[in-house]
Amino acid sequence: MIHYYKVNCHADNLKLIREFVKVVLRDFILNETQINQMVLAVDEVCTNIICHSAENNPDKALEVNIIDTFDMLEFEIIDKHCAHFDPANYIRPCLQTIVKERRKGGIGLLLVGNIMDDVQVNHDNTQNTWRMRKSFAPLSLSRLAQVNFE
Amino acid sequence: MQLNETKDGKYWIIAVAGDVDASSSIHLDKAIEAALQTGQKNILIDGTKMQYIASAGLGVFVSRIEEFKDKEVHFAIFGLNDRVKNVFQILGLDKLLSIVADLQQAKTT
């Protein structure tokens, strides 16, 4: 099943995106910490897009798609006409360096990398597509309604 | 996010409620900065009512670790729920920051 959400690129909408992910994932047998990690990973990518790539411009929009299969969640985040994030130029920062240099930024993608099993970014002429995947035990992604019914 | 600051003896306690994200983290940063500017040497973060923290919120604390050492500031975070505490644990920040269960431990750690 695919769950779709589209919002304008404004920082105030980050909370709405988090609510969307939370509501979708509460349909599965995941605990609150697992749900929060997925919410966090999506939030971090969307924050980068909205605050940096789109420069908080509400005339631009992003889409969040959540695709669930029997043992995997895939999060697809698409922005259009925003600055291109090139993963080839991304150097994973060292936490000790961030602490030493007293930096406030640079932690978001570290979190995403530690939470997700796989993160890919594709770019064509007009859009960036982030794909993040996380595997779970098959039963975890059973729908609560089905389990209750049985 | 809401902040409530109180003085408890020698301890300056900043209670954080709600979501600490890219939009709100600047207010938490300013509160800590103000406490440091006024010479507070014991700063505690009450996370009992914190519902969510993103990297921007973690960055507020991470960017101050060295400053706390330099200024010999006793800094601790207490009362985090499991969900929020896990976010600190993902990157091992629970090893770099003093994160404890309650106010009493925060005062004595």
# chains A, B, ... in the order shown; residues from 1 in each chain; ligands from 1

call {"tool": "residues_around", "arguments": {"residues": "His81 of chain A", "least_positions_apart": "3", "cutoff": "9 Å", "atoms": "only C-alpha atoms", "output": "mmCIF file with C-alpha atoms, in the first residue's frame"}}
result
data_model
loop_
_atom_site.group_PDB
_atom_site.id
_atom_site.type_symbol
_atom_site.label_atom_id
_atom_site.label_comp_id
_atom_site.auth_asym_id
_atom_site.auth_seq_id
_atom_site.Cartn_x
_atom_site.Cartn_y
_atom_site.Cartn_z
ATOM 1 C CA ALA A 54 14.011 25.021 -0.903
ATOM 2 C CA LYS A 60 7.763 24.911 -3.617
ATOM 3 C CA ALA A 61 6.388 21.563 -2.477
ATOM 4 C CA HIS A 84 20.260 19.321 -5.829
ATOM 5 C CA ASN A 125 16.464 17.566 -14.365
ATOM 6 C CA THR A 126 13.700 18.837 -12.130
ATOM 7 C CA GLN A 127 13.495 16.715 -9.013
ATOM 8 C CA ASN A 128 15.382 14.961 -6.234
#

call {"tool": "closest_atom_pairs", "arguments": {"of": "chain B", "to": "chain A", "cutoff": "12 Å", "atoms": "only C-alpha atoms", "output": "CSV"}}
result
residue,atom,partner,partner_atom,distance
B:Met1,CA,A:Lys15,CA,11.4
B:Gly18,CA,A:Lys15,CA,11.1
B:Asp19,CA,A:Lys15,CA,8.7
B:Val20,CA,A:Lys15,CA,10.5
B:Asp21,CA,A:Leu14,CA,8.5
B:Ala22,CA,A:Thr47,CA,7.0
B:Ser23,CA,A:Ala11,CA,6.5
B:Ser24,CA,A:Asp12,CA,10.0
B:Ser25,CA,A:Lys104,CA,10.2
B:Ile26,CA,A:Lys104,CA,10.3
B:Asp29,CA,A:Lys104,CA,9.8
B:Gln51,CA,A:Asn36,CA,10.2
B:Tyr52,CA,A:Asn36,CA,8.3
B:Ile53,CA,A:Leu40,CA,8.2
B:Ala54,CA,A:Leu40,CA,6.5
B:Ser55,CA,A:Gly108,CA,5.0
B:Ala56,CA,A:Gly105,CA,6.8
B:Gly57,CA,A:Lys104,CA,8.6
B:Leu58,CA,A:Ile107,CA,7.9
B:Gly59,CA,A:Lys104,CA,4.1
B:Val60,CA,A:Lys104,CA,5.8
B:Phe61,CA,A:Lys104,CA,8.1
B:Val62,CA,A:Val99,CA,5.7
B:Ser63,CA,A:Arg102,CA,4.0
B:Arg64,CA,A:Arg102,CA,6.4
B:Ile65,CA,A:Val99,CA,6.7
B:Glu66,CA,A:Lys100,CA,6.7
B:Glu67,CA,A:Arg102,CA,8.2
B:Phe68,CA,A:Arg102,CA,11.0
B:Lys69,CA,A:Lys100,CA,11.3
B:Asp70,CA,A:Lys100,CA,11.9
B:Asn81,CA,A:Thr33,CA,10.0
B:Asp82,CA,A:Thr33,CA,7.2
B:Arg83,CA,A:Thr33,CA,4.9
B:Val84,CA,A:Thr33,CA,8.2
B:Lys85,CA,A:Thr33,CA,9.4
B:Asn86,CA,A:Thr33,CA,7.1
B:Val87,CA,A:Gln37,CA,7.5
B:Phe88,CA,A:Leu111,CA,9.7
B:Gln89,CA,A:Leu111,CA,10.2
B:Ile90,CA,A:Leu111,CA,6.8
B:Leu91,CA,A:Leu111,CA,6.8
B:Gly92,CA,A:Leu95,CA,9.1
B:Leu93,CA,A:Leu95,CA,9.1
B:Lys95,CA,A:Gln96,CA,11.8
B:Leu96,CA,A:Val99,CA,9.3
B:Leu97,CA,A:Val99,CA,11.1

call {"tool": "select_by_dssp", "arguments": {"residues": "chain B", "states": "strand (DSSP E or B)", "output": "ChimeraX atom specification"}}
result
/B:2-8,11-20,42-53,74-78,99-100

call {"tool": "residues_around", "arguments": {"residues": "Phe28 of chain A", "least_positions_apart": "6", "cutoff": "7 Å", "atoms": "only C-alpha atoms", "output": "list in words"}}
result
Ser140, Leu141, Ser142, Arg143 and Leu144 of chain A

call {"tool": "closest_residue", "arguments": {"among": "A:Leu62, A:Leu73, A:Leu16, A:Val24", "to": "Val45 of chain A", "atoms": "only C-alpha atoms"}}
result
A:Leu62
